[in-house]
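K.L.:
File my_file_15.tsv follows (TSV, C-alpha atoms):
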```tsv
chain	number	residue	atom	x	y	z
L	31	MET	CA	46.24	-40.08	-11.93
L	32	PRO	CA	42.45	-39.67	-12.40
L	33	PRO	CA	40.60	-37.43	-9.93
L	34	GLU	CA	39.05	-39.11	-6.93
L	35	ILE	CA	35.30	-39.69	-7.17
L	36	ARG	CA	33.60	-38.40	-4.05
L	37	GLN	CA	30.56	-39.85	-2.35
L	38	GLN	CA	27.42	-37.72	-2.48
L	39	PRO	CA	26.39	-36.47	0.98
L	40	GLU	CA	23.44	-38.28	2.55
L	41	LEU	CA	20.23	-36.25	2.68
L	42	PRO	CA	16.82	-36.83	4.20
L	43	GLU	CA	14.37	-38.13	1.59
L	44	ASP	CA	11.88	-35.29	2.05
L	45	VAL	CA	14.27	-32.41	1.42
L	46	LEU	CA	14.63	-30.31	-1.71
L	47	VAL	CA	18.22	-29.49	-2.67
L	48	LEU	CA	18.72	-25.97	-3.97
L	49	LEU	CA	21.66	-25.60	-6.32
L	50	LEU	CA	24.07	-22.86	-5.38
L	51	ASP	CA	25.46	-20.55	-8.07
L	52	TRP	CA	29.22	-20.58	-7.62
L	53	THR	CA	30.12	-19.34	-11.12
L	54	ASN	CA	31.70	-16.19	-9.67
L	55	ARG	CA	35.50	-16.42	-9.48
L	56	SER	CA	35.39	-15.53	-5.78
L	57	HIS	CA	34.44	-19.17	-5.12
L	58	TRP	CA	37.76	-20.46	-6.51
L	59	SER	CA	41.18	-20.48	-4.89
L	60	GLU	CA	44.51	-21.64	-6.27
L	61	LYS	CA	45.26	-23.29	-2.91
L	62	THR	CA	43.53	-26.46	-1.84
L	63	ARG	CA	42.22	-26.62	1.70
L	64	PRO	CA	40.15	-29.30	3.48
L	65	CYS	CA	36.41	-28.94	2.91
L	66	ARG	CA	34.78	-27.81	6.15
L	67	TYR	CA	32.13	-30.53	5.75
L	68	CYS	CA	33.88	-33.65	4.39
L	69	GLY	CA	37.56	-32.87	4.93
L	70	GLN	CA	38.58	-33.63	1.33
L	71	PRO	CA	40.88	-31.12	-0.41
L	72	THR	CA	39.02	-28.50	-2.43
L	73	HIS	CA	39.76	-25.35	-4.40
L	74	LEU	CA	36.22	-24.08	-3.79
L	75	ARG	CA	35.21	-21.47	-1.19
L	76	ASP	CA	31.78	-20.58	0.17
L	77	ASP	CA	30.34	-17.06	0.28
L	78	GLU	CA	32.37	-16.33	3.42
L	79	GLY	CA	35.64	-17.58	1.91
L	80	ARG	CA	35.71	-20.84	3.88
L	81	PRO	CA	36.79	-24.02	2.04
L	82	ALA	CA	33.73	-26.04	1.00
L	83	ASP	CA	32.80	-28.40	-1.80
L	84	LYS	CA	29.72	-27.16	-3.63
L	85	THR	CA	27.84	-30.43	-3.17
L	86	CYS	CA	28.69	-30.49	0.54
L	87	ALA	CA	27.49	-26.90	0.97
L	88	GLU	CA	24.25	-27.70	-0.89
L	89	ALA	CA	23.69	-30.78	1.30
L	90	GLU	CA	24.30	-28.77	4.49
L	91	ASP	CA	21.88	-26.07	3.32
L	92	ALA	CA	19.24	-28.71	2.61
L	93	GLN	CA	19.70	-30.31	6.03
L	94	GLN	CA	19.41	-26.94	7.78
L	95	ARG	CA	16.21	-26.14	5.88
L	96	ALA	CA	14.79	-29.58	6.75
L	97	GLN	CA	15.59	-29.05	10.46
L	98	THR	CA	13.96	-25.63	10.37
L	99	ALA	CA	10.85	-27.06	8.71
L	100	ARG	CA	10.62	-29.84	11.33
L	101	ALA	CA	11.07	-27.35	14.17
L	102	TYR	CA	8.32	-25.18	12.69
L	103	GLN	CA	5.98	-28.17	12.41
L	104	VAL	CA	6.66	-29.19	16.02
L	105	GLY	CA	6.24	-25.62	17.23
L	106	THR	CA	2.91	-25.15	15.44
L	107	GLY	CA	1.48	-28.57	16.22
L	108	ALA	CA	1.41	-29.39	12.50
L	109	ASP	CA	2.93	-32.80	13.18
L	110	THR	CA	-0.06	-34.05	15.16
```
Show me, as structure tokens, the structure contained in the file I just sent.
P.N.:
Amino acid sequence: MPPEIRQQPELPEDVLVLLLDWTNRSHWSEKTRPCRYCGQPTHLRDDEGRPADKTCAEAEDAQQRAQTARAYQVGTGADT
């Protein structure tokens, strides 16, 4: 059976996605667990050992950076 093709996470248009380097073997596990973001089974683990697809982790990072940037703009009056 061919592998399931996953949907790319939705991102705000104005956000830059930084690619994570998960080439280290510590990001791989023999056991599949549900991704903490999308719930699909994954062998991948984040830096803290929690199950996470790489694309989901990159999307979450991008969203957090976008929220931080918006909060900064609101806090400094840069949005007016």
K.L.:
Using all atoms listed in the file and a cutoff of 12 Å, can you tell me which residues are near (25.6, -21.1, -4.2) in the file's coordinates, and write them out as a list of chain:residue names?
P.N.:
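Here the neighbourhood of the point contains L:Val47, L:Leu48, L:Leu49, L:Leu50, L:Asp51, L:Trp52, L:Thr53, L:Asn54, L:Ser56, L:His57, L:Leu74, L:Arg75, L:Asp76, L:Asp77, L:Glu78, L:Ala82, L:Asp83, L:Lys84, L:Thr85, L:Cys86, L:Ala87, L:Glu88, L:Ala89, L:Glu90, L:Asp91.
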K.L.:
How many Å lie between CA of Arg80 (chain L) and CA of Pro64 (chain L), rounded to one decimal?
P.N.:
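Pair CA of Arg80 (chain L) / CA of Pro64 (chain L) returns 9.6 Å.
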K.L.:
Between CA of Ala92 (chain L) and CA of Cys65 (chain L), what is the spacing in Å?
P.N.:
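These two atoms are separated by 17.2 Å.
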K.L.:
Give me, please, the distance in Å between CA of Ala96 (chain L) and CA of Cys68 (chain L), quoted to one decimal.
P.N.:
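If I compute the distance from CA of Ala96 (chain L) to CA of Cys68 (chain L), I get 19.7 Å.
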